[in-house]
file entry-v8.cif (mmCIF, C-alpha atoms and all ligand atoms)
data_structure
loop_
_atom_site.group_PDB
_atom_site.id
_atom_site.type_symbol
_atom_site.label_atom_id
_atom_site.label_comp_id
_atom_site.auth_asym_id
_atom_site.auth_seq_id
_atom_site.Cartn_x
_atom_site.Cartn_y
_atom_site.Cartn_z
ATOM 1 C CA MET T 105 55.763 -44.497 33.865
ATOM 2 C CA PRO T 106 57.310 -41.402 35.423
ATOM 3 C CA PHE T 107 55.919 -37.930 34.872
ATOM 4 C CA GLY T 108 58.057 -34.889 34.407
ATOM 5 C CA GLN T 109 58.539 -31.559 32.705
ATOM 6 C CA ILE T 110 60.696 -30.650 29.746
ATOM 7 C CA VAL T 111 63.158 -28.063 31.028
ATOM 8 C CA LYS T 112 65.465 -27.847 28.027
ATOM 9 C CA ALA T 113 65.427 -28.961 24.395
ATOM 10 C CA ILE T 114 68.483 -29.258 22.167
ATOM 11 C CA SER T 115 68.467 -30.682 18.644
ATOM 12 C CA GLY T 116 65.950 -33.432 19.081
ATOM 13 C CA PHE T 117 66.731 -34.172 22.721
ATOM 14 C CA TYR T 118 64.347 -33.241 25.476
ATOM 15 C CA TYR T 119 65.666 -32.893 28.991
ATOM 16 C CA VAL T 120 62.907 -33.981 31.321
ATOM 17 C CA ARG T 121 63.006 -33.250 35.033
ATOM 18 C CA THR T 122 61.054 -36.005 36.717
ATOM 19 C CA ASP T 123 58.881 -35.595 39.777
ATOM 20 C CA GLU T 124 61.799 -36.931 41.827
ATOM 21 C CA GLY T 125 64.012 -34.142 40.541
ATOM 22 C CA LYS T 126 66.196 -36.207 38.218
ATOM 23 C CA VAL T 127 66.923 -34.957 34.699
ATOM 24 C CA ILE T 128 66.506 -37.587 31.983
ATOM 25 C CA GLN T 129 67.668 -37.088 28.417
ATOM 26 C CA CYS T 130 64.824 -38.143 26.152
ATOM 27 C CA ARG T 131 63.930 -38.602 22.536
ATOM 28 C CA ALA T 132 60.324 -38.227 21.482
ATOM 29 C CA ARG T 133 58.511 -41.272 20.247
ATOM 30 C CA GLY T 134 55.849 -41.099 17.552
ATOM 31 C CA VAL T 135 53.585 -38.201 16.733
ATOM 32 C CA PHE T 136 51.837 -36.220 19.451
ATOM 33 C CA LYS T 137 48.478 -34.713 18.772
ATOM 34 C CA PHE T 138 46.271 -32.330 20.616
ATOM 35 C CA GLU T 139 42.802 -31.398 19.378
ATOM 36 C CA LYS T 140 43.748 -33.029 16.062
ATOM 37 C CA LYS T 141 46.740 -30.728 15.612
ATOM 38 C CA LYS T 142 50.207 -32.180 15.381
ATOM 39 C CA LEU T 143 52.272 -31.080 18.285
ATOM 40 C CA THR T 144 56.001 -30.817 18.856
ATOM 41 C CA PRO T 145 57.050 -31.085 22.488
ATOM 42 C CA LEU T 146 58.102 -27.744 23.983
ATOM 43 C CA VAL T 147 60.097 -26.647 26.971
ATOM 44 C CA GLY T 148 57.561 -26.358 29.780
ATOM 45 C CA ASP T 149 55.500 -29.314 28.607
ATOM 46 C CA LEU T 150 54.332 -31.788 31.204
ATOM 47 C CA VAL T 151 55.072 -35.218 29.832
ATOM 48 C CA GLU T 152 55.056 -38.893 30.535
ATOM 49 C CA ILE T 153 58.289 -40.724 29.845
ATOM 50 C CA GLU T 154 59.500 -44.264 29.602
ATOM 51 C CA GLN T 155 62.963 -44.795 30.960
ATOM 52 C CA THR T 156 65.272 -46.777 28.680
ATOM 53 C CA GLY T 157 68.476 -46.366 30.657
ATOM 54 C CA LEU T 158 69.813 -44.801 33.812
ATOM 55 C CA ASP T 159 69.559 -41.248 32.487
ATOM 56 C CA GLU T 160 67.837 -41.916 29.187
ATOM 57 C CA GLY T 161 64.297 -42.301 28.039
ATOM 58 C CA VAL T 162 61.579 -41.449 25.577
ATOM 59 C CA VAL T 163 58.725 -38.997 25.853
ATOM 60 C CA THR T 164 55.565 -41.025 25.326
ATOM 61 C CA SER T 165 52.830 -38.446 25.879
ATOM 62 C CA VAL T 166 52.354 -34.711 26.301
ATOM 63 C CA GLN T 167 49.718 -33.181 28.592
ATOM 64 C CA PRO T 168 47.367 -30.483 27.261
ATOM 65 C CA ARG T 169 48.918 -27.014 27.613
ATOM 66 C CA SER T 170 47.527 -24.115 29.580
ATOM 67 C CA SER T 171 49.422 -21.624 27.423
ATOM 68 C CA GLU T 172 51.888 -21.602 24.569
ATOM 69 C CA LEU T 173 54.329 -18.807 23.794
ATOM 70 C CA ILE T 174 55.991 -18.623 20.410
ATOM 71 C CA ARG T 175 58.904 -16.420 21.421
ATOM 72 C CA PRO T 176 60.528 -18.004 23.255
ATOM 73 C CA PRO T 177 58.885 -21.334 22.430
ATOM 74 C CA ILE T 178 57.611 -22.443 25.807
ATOM 75 C CA ALA T 179 54.466 -24.095 27.133
ATOM 76 C CA ASN T 180 52.503 -23.663 30.360
ATOM 77 C CA VAL T 181 53.837 -20.228 31.283
ATOM 78 C CA ASP T 182 51.716 -18.721 34.081
ATOM 79 C CA GLN T 183 53.094 -15.259 34.396
ATOM 80 C CA ALA T 184 55.028 -12.491 32.699
ATOM 81 C CA ILE T 185 57.282 -10.194 34.684
ATOM 82 C CA VAL T 186 57.171 -7.024 32.642
ATOM 83 C CA VAL T 187 60.278 -4.993 33.334
ATOM 84 C CA GLY T 188 60.738 -1.266 32.808
ATOM 85 C CA SER T 189 63.640 0.810 34.075
ATOM 86 C CA LEU T 190 63.099 4.016 36.010
ATOM 87 C CA LYS T 191 66.352 5.525 34.694
ATOM 88 C CA ARG T 192 68.987 4.687 32.114
ATOM 89 C CA PRO T 193 67.001 4.213 29.948
ATOM 90 C CA ARG T 194 64.278 6.505 31.284
ATOM 91 C CA PHE T 195 60.854 5.034 31.964
ATOM 92 C CA GLN T 196 58.982 4.423 28.716
ATOM 93 C CA PRO T 197 55.277 3.693 29.147
ATOM 94 C CA MET T 198 54.508 2.891 25.503
ATOM 95 C CA PRO T 199 56.758 -0.174 25.220
ATOM 96 C CA LEU T 200 55.613 -1.283 28.679
ATOM 97 C CA ASP T 201 51.991 -1.158 27.520
ATOM 98 C CA ARG T 202 52.916 -3.162 24.429
ATOM 99 C CA PHE T 203 54.408 -5.890 26.570
ATOM 100 C CA LEU T 204 51.332 -5.866 28.800
ATOM 101 C CA VAL T 205 49.021 -6.257 25.801
ATOM 102 C CA HIS T 206 51.004 -9.229 24.560
ATOM 103 C CA GLY T 207 50.920 -10.869 27.964
ATOM 104 C CA GLU T 208 47.182 -10.271 28.309
ATOM 105 C CA ARG T 209 46.653 -11.766 24.898
ATOM 106 C CA GLU T 210 48.407 -14.931 26.032
ATOM 107 C CA GLY T 211 46.236 -14.987 29.128
ATOM 108 C CA LEU T 212 49.177 -14.600 31.507
ATOM 109 C CA GLU T 213 49.204 -13.094 34.953
ATOM 110 C CA MET T 214 51.352 -10.007 34.986
ATOM 111 C CA VAL T 215 53.607 -8.193 37.402
ATOM 112 C CA ILE T 216 55.337 -4.902 36.616
ATOM 113 C CA VAL T 217 58.876 -4.496 37.873
ATOM 114 C CA LEU T 218 60.458 -1.030 37.898
ATOM 115 C CA THR T 219 64.234 -1.381 38.004
ATOM 116 C CA LYS T 220 67.167 0.864 38.948
ATOM 117 C CA LYS T 221 65.409 2.463 41.870
ATOM 118 C CA ASP T 222 68.841 3.452 43.243
ATOM 119 C CA LEU T 223 69.112 6.015 40.428
ATOM 120 C CA VAL T 224 65.868 7.791 41.331
ATOM 121 C CA LYS T 225 66.089 10.911 43.473
ATOM 122 C CA ASN T 226 62.478 11.974 43.352
ATOM 123 C CA GLU T 227 60.155 9.279 44.709
ATOM 124 C CA GLN T 228 57.163 11.079 43.211
ATOM 125 C CA GLU T 229 58.215 9.895 39.776
ATOM 126 C CA ILE T 230 57.645 6.340 40.965
ATOM 127 C CA GLU T 231 54.342 7.163 42.628
ATOM 128 C CA LYS T 232 53.106 8.609 39.343
ATOM 129 C CA ILE T 233 53.808 5.331 37.560
ATOM 130 C CA ARG T 234 52.199 3.329 40.363
ATOM 131 C CA SER T 235 49.082 5.474 40.220
ATOM 132 C CA VAL T 236 48.608 4.443 36.587
ATOM 133 C CA TYR T 237 49.275 0.728 36.748
ATOM 134 C CA GLU T 238 47.940 -0.334 40.143
ATOM 135 C CA PRO T 239 44.395 0.905 39.492
ATOM 136 C CA ALA T 240 44.564 -0.805 36.091
ATOM 137 C CA GLY T 241 45.098 -4.034 38.027
ATOM 138 C CA TYR T 242 48.832 -4.751 37.975
ATOM 139 C CA PRO T 243 51.084 -5.278 40.987
ATOM 140 C CA VAL T 244 54.082 -2.929 40.799
ATOM 141 C CA ILE T 245 57.433 -3.780 42.388
ATOM 142 C CA GLU T 246 60.363 -1.362 42.638
ATOM 143 C CA THR T 247 63.768 -3.011 42.538
ATOM 144 C CA SER T 248 67.442 -2.235 42.624
ATOM 145 C CA ILE T 249 70.232 -4.727 42.211
ATOM 146 C CA LYS T 250 72.524 -2.198 43.910
ATOM 147 C CA THR T 251 70.585 -2.054 47.180
ATOM 148 C CA GLY T 252 68.692 -5.339 46.894
ATOM 149 C CA GLU T 253 65.392 -3.574 47.314
ATOM 150 C CA GLY T 254 62.345 -5.398 45.989
ATOM 151 C CA ILE T 255 64.096 -8.684 45.275
ATOM 152 C CA ASP T 256 62.329 -10.592 48.073
ATOM 153 C CA GLU T 257 58.999 -9.170 46.992
ATOM 154 C CA LEU T 258 59.707 -10.348 43.447
ATOM 155 C CA LYS T 259 60.615 -13.810 44.748
ATOM 156 C CA ARG T 260 57.259 -14.023 46.475
ATOM 157 C CA HIS T 261 55.500 -13.326 43.180
ATOM 158 C CA LEU T 262 57.567 -15.967 41.367
ATOM 159 C CA LYS T 263 57.012 -18.732 43.894
ATOM 160 C CA GLY T 264 55.087 -21.720 42.563
ATOM 161 C CA LYS T 265 54.750 -20.304 39.048
ATOM 162 C CA VAL T 266 56.396 -20.571 35.656
ATOM 163 C CA SER T 267 57.386 -17.042 34.688
ATOM 164 C CA VAL T 268 58.962 -15.328 31.751
ATOM 165 C CA PHE T 269 60.644 -11.925 31.886
ATOM 166 C CA ALA T 270 59.773 -9.339 29.257
ATOM 167 C CA GLY T 271 60.962 -5.816 28.606
ATOM 168 C CA GLN T 272 63.157 -3.716 26.384
ATOM 169 C CA SER T 273 66.860 -4.246 26.053
ATOM 170 C CA GLY T 274 68.905 -2.659 28.828
ATOM 171 C CA VAL T 275 66.163 -2.394 31.450
ATOM 172 C CA GLY T 276 67.852 -4.963 33.690
ATOM 173 C CA LYS T 277 66.221 -8.335 32.997
ATOM 174 C CA SER T 278 69.428 -10.382 33.058
ATOM 175 C CA SER T 279 70.630 -8.518 36.138
ATOM 176 C CA LEU T 280 67.450 -9.528 37.944
ATOM 177 C CA LEU T 281 67.768 -13.136 36.819
ATOM 178 C CA ASN T 282 71.310 -13.183 38.166
ATOM 179 C CA GLU T 283 70.032 -11.934 41.533
ATOM 180 C CA LEU T 284 67.388 -14.632 41.579
ATOM 181 C CA LEU T 285 69.653 -17.441 40.427
ATOM 182 C CA PRO T 286 72.917 -17.145 42.293
ATOM 183 C CA GLY T 287 75.566 -19.415 40.836
ATOM 184 C CA GLN T 288 73.860 -19.785 37.480
ATOM 185 C CA LYS T 289 75.543 -16.688 36.079
ATOM 186 C CA LEU T 290 73.840 -15.332 33.007
ATOM 187 C CA GLU T 291 75.746 -12.719 31.103
ATOM 188 C CA THR T 292 74.121 -9.329 31.443
ATOM 189 C CA GLY T 293 73.283 -7.709 28.181
ATOM 190 C CA LYS T 294 73.491 -11.051 26.393
ATOM 191 C CA VAL T 295 69.969 -12.295 26.963
ATOM 192 C CA SER T 296 68.276 -9.512 25.098
ATOM 193 C CA ASP T 297 70.966 -9.170 22.429
ATOM 194 C CA LYS T 298 70.294 -12.672 21.329
ATOM 195 C CA ILE T 299 66.834 -11.887 20.047
ATOM 196 C CA GLY T 300 66.740 -8.089 20.063
ATOM 197 C CA ARG T 301 68.925 -7.808 17.000
ATOM 198 C CA GLY T 302 67.425 -10.660 15.062
ATOM 199 C CA ARG T 303 70.521 -12.754 15.394
ATOM 200 C CA HIS T 304 69.931 -16.434 14.901
ATOM 201 C CA THR T 305 70.934 -18.792 17.569
ATOM 202 C CA THR T 306 70.669 -22.515 18.075
ATOM 203 C CA ARG T 307 70.545 -22.216 21.815
ATOM 204 C CA GLN T 308 67.076 -22.785 23.127
ATOM 205 C CA VAL T 309 65.155 -21.488 26.038
ATOM 206 C CA GLU T 310 65.727 -23.216 29.336
ATOM 207 C CA LEU T 311 63.528 -23.306 32.417
ATOM 208 C CA LEU T 312 65.555 -22.571 35.523
ATOM 209 C CA ILE T 313 64.504 -23.499 39.041
ATOM 210 C CA LEU T 314 64.510 -20.774 41.670
ATOM 211 C CA PRO T 315 65.907 -21.746 45.071
ATOM 212 C CA GLU T 316 62.809 -20.243 46.709
ATOM 213 C CA GLY T 317 60.446 -22.115 44.417
ATOM 214 C CA GLY T 318 59.070 -21.381 40.986
ATOM 215 C CA GLN T 319 60.659 -21.485 37.582
ATOM 216 C CA VAL T 320 61.825 -18.815 35.168
ATOM 217 C CA ALA T 321 62.676 -18.918 31.489
ATOM 218 C CA ASP T 322 66.236 -17.785 30.777
ATOM 219 C CA THR T 323 65.171 -16.017 27.573
ATOM 220 C CA PRO T 324 62.875 -12.983 27.564
ATOM 221 C CA GLY T 325 59.347 -13.285 26.210
ATOM 222 C CA PHE T 326 57.486 -11.505 23.393
ATOM 223 C CA SER T 327 60.406 -9.995 21.566
ATOM 224 C CA GLN T 328 58.313 -9.274 18.477
ATOM 225 C CA LEU T 329 55.950 -6.564 19.451
ATOM 226 C CA HIS T 330 53.610 -6.258 16.525
ATOM 227 C CA PHE T 331 49.963 -7.189 16.740
ATOM 228 C CA LYS T 332 49.954 -9.757 13.990
ATOM 229 C CA GLY T 333 46.695 -11.623 13.543
ATOM 230 C CA MET T 334 44.894 -9.499 16.101
ATOM 231 C CA GLU T 335 41.379 -8.195 15.464
ATOM 232 C CA PRO T 336 40.490 -4.620 16.531
ATOM 233 C CA VAL T 337 37.782 -5.846 18.943
ATOM 234 C CA GLU T 338 40.307 -8.011 20.785
ATOM 235 C CA LEU T 339 42.454 -5.086 21.867
ATOM 236 C CA GLY T 340 40.115 -3.762 24.557
ATOM 237 C CA ASP T 341 40.274 -7.146 26.291
ATOM 238 C CA CYS T 342 44.032 -6.661 26.656
ATOM 239 C CA PHE T 343 43.586 -3.532 28.792
ATOM 240 C CA PRO T 344 42.059 -4.670 32.107
ATOM 241 C CA GLU T 345 40.570 -1.244 32.831
ATOM 242 C CA ILE T 346 38.837 -1.238 29.416
ATOM 243 C CA ARG T 347 37.814 -4.887 29.684
ATOM 244 C CA ARG T 348 36.100 -4.172 33.009
ATOM 245 C CA ARG T 349 34.100 -1.257 31.610
ATOM 246 C CA ALA T 350 33.235 -2.524 28.107
ATOM 247 C CA PRO T 351 30.093 -4.437 29.225
ATOM 248 C CA GLU T 352 28.574 -1.048 30.129
ATOM 249 C CA CYS T 353 29.094 0.418 26.643
ATOM 250 C CA ARG T 354 25.885 0.745 24.634
ATOM 251 C CA PHE T 355 27.185 -1.313 21.725
ATOM 252 C CA ARG T 356 28.673 -4.741 21.856
ATOM 253 C CA GLY T 357 31.960 -4.645 19.984
ATOM 254 C CA CYS T 358 32.392 -0.969 20.918
ATOM 255 C CA LEU T 359 35.925 0.125 20.029
ATOM 256 C CA HIS T 360 35.693 3.035 22.493
ATOM 257 C CA ILE T 361 36.572 5.686 19.919
ATOM 258 C CA ASN T 362 33.506 7.603 18.682
ATOM 259 C CA GLU T 363 30.625 5.386 19.693
ATOM 260 C CA PRO T 364 27.799 6.967 21.720
ATOM 261 C CA ASP T 365 27.316 5.953 25.370
ATOM 262 C CA CYS T 366 30.775 4.474 25.663
ATOM 263 C CA ALA T 367 31.665 3.576 29.243
ATOM 264 C CA VAL T 368 35.375 3.879 28.544
ATOM 265 C CA LYS T 369 35.101 7.433 27.184
ATOM 266 C CA GLU T 370 32.916 8.268 30.167
ATOM 267 C CA ALA T 371 35.598 6.911 32.538
ATOM 268 C CA LEU T 372 38.127 9.122 30.749
ATOM 269 C CA ARG T 373 35.918 12.179 31.185
ATOM 270 C CA GLN T 374 35.579 11.383 34.885
ATOM 271 C CA GLY T 375 39.341 10.981 35.192
ATOM 272 C CA GLU T 376 38.905 7.345 36.173
ATOM 273 C CA MET T 377 41.040 5.978 33.395
ATOM 274 C CA ASP T 378 44.562 7.106 32.621
ATOM 275 C CA GLU T 379 44.796 9.212 29.468
ATOM 276 C CA LYS T 380 48.210 7.903 28.438
ATOM 277 C CA ARG T 381 46.997 4.320 28.621
ATOM 278 C CA TYR T 382 43.995 5.288 26.504
ATOM 279 C CA GLN T 383 46.279 7.046 23.999
ATOM 280 C CA HIS T 384 48.323 3.887 23.703
ATOM 281 C CA TYR T 385 45.127 1.915 23.212
ATOM 282 C CA THR T 386 44.156 4.142 20.261
ATOM 283 C CA GLN T 387 47.694 3.992 18.875
ATOM 284 C CA PHE T 388 47.714 0.175 18.985
ATOM 285 C CA LEU T 389 44.224 0.092 17.476
ATOM 286 C CA THR T 390 45.478 2.151 14.539
ATOM 287 C CA GLU T 391 48.392 -0.233 14.077
ATOM 288 C CA ILE T 392 46.052 -3.228 14.118
ATOM 289 C CA LYS T 393 43.734 -1.628 11.544
ATOM 290 C CA GLU T 394 46.677 -0.755 9.300
ATOM 291 C CA ALA T 395 47.979 -4.301 9.511
ATOM 292 C CA LEU T 396 44.520 -5.577 8.560
ATOM 293 C CA GLU T 397 44.445 -3.373 5.480
ATOM 294 C CA ARG T 398 47.791 -4.739 4.370
ATOM 295 C CA ARG T 399 46.633 -8.327 4.737
HETATM 296 P P1 LIG V 401 68.698 -6.488 29.971
HETATM 297 O O1 LIG V 401 69.110 -6.097 28.593
HETATM 298 O O2 LIG V 401 67.273 -6.128 30.235
HETATM 299 O O3 LIG V 401 68.982 -7.918 30.309
HETATM 300 O O4 LIG V 401 69.542 -5.556 30.975
HETATM 301 P P2 LIG V 401 70.867 -5.882 31.829
HETATM 302 O O5 LIG V 401 70.523 -6.763 32.963
HETATM 303 O O6 LIG V 401 71.921 -6.358 30.894
HETATM 304 O O7 LIG V 401 71.218 -4.456 32.426
HETATM 305 C C1 LIG V 401 71.577 -3.347 31.620
HETATM 306 C C2 LIG V 401 72.462 -2.422 32.427
HETATM 307 O O8 LIG V 401 71.748 -1.873 33.530
HETATM 308 C C3 LIG V 401 73.668 -3.133 33.010
HETATM 309 O O9 LIG V 401 74.783 -2.280 32.877
HETATM 310 C C4 LIG V 401 73.314 -3.298 34.487
HETATM 311 O O10 LIG V 401 74.439 -3.296 35.337
HETATM 312 C C5 LIG V 401 72.451 -2.072 34.755
HETATM 313 N N1 LIG V 401 71.483 -2.319 35.851
HETATM 314 C C6 LIG V 401 70.613 -3.347 35.959
HETATM 315 N N2 LIG V 401 69.893 -3.258 37.094
HETATM 316 C C7 LIG V 401 70.308 -2.134 37.729
HETATM 317 C C8 LIG V 401 69.940 -1.490 38.985
HETATM 318 O O11 LIG V 401 69.069 -1.924 39.749
HETATM 319 N N3 LIG V 401 70.587 -0.316 39.281
HETATM 320 C C9 LIG V 401 71.548 0.209 38.459
HETATM 321 N N4 LIG V 401 72.125 1.354 38.850
HETATM 322 N N5 LIG V 401 71.923 -0.371 37.307
HETATM 323 C C10 LIG V 401 71.320 -1.525 36.930
HETATM 324 ZN ZN ZN V 402 33.039 1.724 24.538
#

call {"tool": "encode", "arguments": {"input": "entry-v8.cif", "output": "structure tokens"}}
result
Amino acid sequence: MPFGQIVKAISGFYYVRTDEGKVIQCRARGVFKFEKKKLTPLVGDLVEIEQTGLDEGVVTSVQPRSSELIRPPIANVDQAIVVGSLKRPRFQPMPLDRFLVHGEREGLEMVIVLTKKDLVKNEQEIEKIRSVYEPAGYPVIETSIKTGEGIDELKRHLKGKVSVFAGQSGVGKSSLLNELLPGQKLETGKVSDKIGRGRHTTRQVELLILPEGGQVADTPGFSQLHFKGMEPVELGDCFPEIRRRAPECRFRGCLHINEPDCAVKEALRQGEMDEKRYQHYTQFLTEIKEALERR
């Protein structure tokens, strides 16, 4: 039986790209289970199919997933490309950090892309952003769709991986996708509108193949940026620079606020951790605690 990957799902049909590169329209047969939980096939799933016609078949089994995003619903994503614009709209670190936390929580690799470089006159502004995120552990790529800068570097990061773009509306996600996928024109502005304003849509996420290798979701990831279901102690793990230092805190489960002998506070005092990032950490922690109280 051929193996393949679900690249698109529309009202009960799963479009499976087989290892030979053919797309087969499939129904699902029976009930799939994983670790006793009932499972609905998702875009991104690696599946086994039985062909029933030239371009038709049924999905007969689903492989265990390495990750599972809810928005958009997609399995086996490796990486999030977190996009922030340098200008128009101006760079906003707080939303960027929110996206990073959500990606970390899903266990994804992350790359930061700073768009609209052509609008920046003072390069120091960019260096300042780099000096925060690179030491934290994230690659930072500067791009411009006007000059083409950074696009090849981005392609290298996408190669061989399943990636999802994330970032606020207007930062340039669809523009980047259009650069990466010539001939598969996505309407700029549309991608984020679809979810950003809570509009319902029947169109589902689709995995697109990059000419240089790798796959990208055509719908941005983590549109809902609240920390639902998150415990306060989990937050530190979503900041790599806190995660690295936490084992040196005196207390296990240290929240790095007022505890004595806290390695994170010490790093702050030594100027080894960025204060803004720490501020965002405390802000998110407050939000998580408030959400817990409401539960
Ligand atoms: P999205 O909402 O994140 O998908 O953002 P869009 O891709 O729709 O882009 C929003 C606006 O920013 C559009 O008017 C784009 O033309 C513009 N834009 C995107 N990338 C760049 C860039 O690199 N330079 C400049 N100057 N404008 C850009
Ligand atoms: Zn601590």

call {"tool": "residues_near_ligand", "arguments": {"input": "entry-v8.cif", "ligand": "ligand LIG 401 (chain V)", "cutoff": "10 Å", "atoms": "all atoms listed in the file", "output": "ChimeraX atom specification"}}
result
/T:187-193,218-224,246-254,269-283,290-298,300,323-324

call {"tool": "write_last_selection", "arguments": {"input": "entry-v8.cif", "atoms": "C-alpha atoms", "output": "tab-separated table (two decimals), in the frame of the given file"}}
result
chain	number	residue	atom	x	y	z
T	187	VAL	CA	60.28	-4.99	33.33
T	188	GLY	CA	60.74	-1.27	32.81
T	189	SER	CA	63.64	0.81	34.08
T	190	LEU	CA	63.10	4.02	36.01
T	191	LYS	CA	66.35	5.52	34.69
T	192	ARG	CA	68.99	4.69	32.11
T	193	PRO	CA	67.00	4.21	29.95
T	218	LEU	CA	60.46	-1.03	37.90
T	219	THR	CA	64.23	-1.38	38.00
T	220	LYS	CA	67.17	0.86	38.95
T	221	LYS	CA	65.41	2.46	41.87
T	222	ASP	CA	68.84	3.45	43.24
T	223	LEU	CA	69.11	6.02	40.43
T	224	VAL	CA	65.87	7.79	41.33
T	246	GLU	CA	60.36	-1.36	42.64
T	247	THR	CA	63.77	-3.01	42.54
T	248	SER	CA	67.44	-2.24	42.62
T	249	ILE	CA	70.23	-4.73	42.21
T	250	LYS	CA	72.52	-2.20	43.91
T	251	THR	CA	70.58	-2.05	47.18
T	252	GLY	CA	68.69	-5.34	46.89
T	253	GLU	CA	65.39	-3.57	47.31
T	254	GLY	CA	62.34	-5.40	45.99
T	269	PHE	CA	60.64	-11.92	31.89
T	270	ALA	CA	59.77	-9.34	29.26
T	271	GLY	CA	60.96	-5.82	28.61
T	272	GLN	CA	63.16	-3.72	26.38
T	273	SER	CA	66.86	-4.25	26.05
T	274	GLY	CA	68.90	-2.66	28.83
T	275	VAL	CA	66.16	-2.39	31.45
T	276	GLY	CA	67.85	-4.96	33.69
T	277	LYS	CA	66.22	-8.34	33.00
T	278	SER	CA	69.43	-10.38	33.06
T	279	SER	CA	70.63	-8.52	36.14
T	280	LEU	CA	67.45	-9.53	37.94
T	281	LEU	CA	67.77	-13.14	36.82
T	282	ASN	CA	71.31	-13.18	38.17
T	283	GLU	CA	70.03	-11.93	41.53
T	290	LEU	CA	73.84	-15.33	33.01
T	291	GLU	CA	75.75	-12.72	31.10
T	292	THR	CA	74.12	-9.33	31.44
T	293	GLY	CA	73.28	-7.71	28.18
T	294	LYS	CA	73.49	-11.05	26.39
T	295	VAL	CA	69.97	-12.30	26.96
T	296	SER	CA	68.28	-9.51	25.10
T	297	ASP	CA	70.97	-9.17	22.43
T	298	LYS	CA	70.29	-12.67	21.33
T	300	GLY	CA	66.74	-8.09	20.06
T	323	THR	CA	65.17	-16.02	27.57
T	324	PRO	CA	62.88	-12.98	27.56

call {"tool": "residues_near_ligand", "arguments": {"input": "entry-v8.cif", "ligand": "ligand ZN 402 (chain V)", "cutoff": "7 Å", "atoms": "only C-alpha atoms and all ligand atoms", "output": "list in words"}}
result
Ala350, Cys353, Cys358, Leu359, His360, Glu363, Cys366, Ala367, Val368 and Lys369 of chain T

call {"tool": "residues_around", "arguments": {"input": "entry-v8.cif", "residues": "Tyr385 of chain T", "least_positions_apart": "4", "cutoff": "10 Å", "atoms": "only C-alpha atoms", "output": "PyMOL selection string"}}
result
chain T and resi 198+201-202+205+339-340+342-343+346+359-361+379-381+389-391

call {"tool": "closest_residue", "arguments": {"input": "entry-v8.cif", "among": "T:Ile178, T:Leu146, T:Met105, T:Val127", "to": "Thr164 of chain T", "atoms": "only C-alpha atoms"}}
result
T:Met105

call {"tool": "resolve_selection", "arguments": {"input": "entry-v8.cif", "expression": "the PyMOL selection byres (((chain T and resi 185) around 6) and not hetatm)", "output": "PDB file with C-alpha atoms, in the coordinates of the input"}}
result
ATOM      1  CA  ALA T 184      55.028 -12.491  32.699  1.00  0.00           C
ATOM      2  CA  VAL T 186      57.171  -7.024  32.642  1.00  0.00           C
ATOM      3  CA  MET T 214      51.352 -10.007  34.986  1.00  0.00           C
ATOM      4  CA  VAL T 215      53.607  -8.193  37.402  1.00  0.00           C
ATOM      5  CA  ILE T 216      55.337  -4.902  36.616  1.00  0.00           C
ATOM      6  CA  PHE T 269      60.644 -11.925  31.886  1.00  0.00           C
TER       7      PHE T 269
END

call {"tool": "residues_around", "arguments": {"input": "entry-v8.cif", "residues": "Asp378 of chain T", "least_positions_apart": "3", "cutoff": "10 Å", "atoms": "only C-alpha atoms", "output": "CSV table (one decimal) with C-alpha atoms, keeping the file's coordinate frame"}}
result
chain,number,residue,atom,x,y,z
T,235,SER,CA,49.1,5.5,40.2
T,236,VAL,CA,48.6,4.4,36.6
T,237,TYR,CA,49.3,0.7,36.7
T,239,PRO,CA,44.4,0.9,39.5
T,240,ALA,CA,44.6,-0.8,36.1
T,345,GLU,CA,40.6,-1.2,32.8
T,371,ALA,CA,35.6,6.9,32.5
T,372,LEU,CA,38.1,9.1,30.7
T,375,GLY,CA,39.3,11.0,35.2
T,381,ARG,CA,47.0,4.3,28.6
T,382,TYR,CA,44.0,5.3,26.5
T,383,GLN,CA,46.3,7.0,24.0

call {"tool": "residues_near_point", "arguments": {"input": "entry-v8.cif", "point": "(61.4, -35.6, 42.7)", "cutoff": "12 Å", "atoms": "all atoms listed in the file", "output": "PyMOL selection string"}}
result
chain T and resi 106-109+120-127

call {"tool": "resolve_selection", "arguments": {"input": "entry-v8.cif", "expression": "the PyMOL selection byres (((chain T and resi 244) around 6) and not hetatm)", "output": "VMD selection string"}}
result
chain T and resid 216 to 217 243 245

call {"tool": "atom_distance", "arguments": {"input": "entry-v8.cif", "atom1": "atom CA of Phe331 of chain T", "atom2": "atom CA of Gly148 of chain T"}}
result
24.4 Å

call {"tool": "resolve_selection", "arguments": {"input": "entry-v8.cif", "expression": "the PyMOL selection byres (((chain T and resi 169-177) around 10) and not hetatm)", "output": "PyMOL selection string"}}
result
chain T and resi 138+145-150+166-168+178-182+207+210-212+268+299+308-310+321-328

call {"tool": "closest_residue", "arguments": {"input": "entry-v8.cif", "among": "T:Asn226, T:Asn362, T:Ser115, T:Gln183", "to": "His206 of chain T", "atoms": "all atoms listed in the file"}}
result
T:Gln183

call {"tool": "atom_distance", "arguments": {"input": "entry-v8.cif", "atom1": "atom CA of Pro197 of chain T", "atom2": "atom CA of Leu314 of chain T"}}
result
29.0 Å

call {"tool": "closest_residue", "arguments": {"input": "entry-v8.cif", "among": "T:Ala132, T:Val320, T:Leu200, T:Ala113", "to": "Lys265 of chain T", "atoms": "only C-alpha atoms"}}
result
T:Val320

call {"tool": "closest_residue", "arguments": {"input": "entry-v8.cif", "among": "T:Glu338, T:Gly333, T:Tyr119, T:Arg354", "to": "Arg398 of chain T", "atoms": "only C-alpha atoms"}}
result
T:Gly333
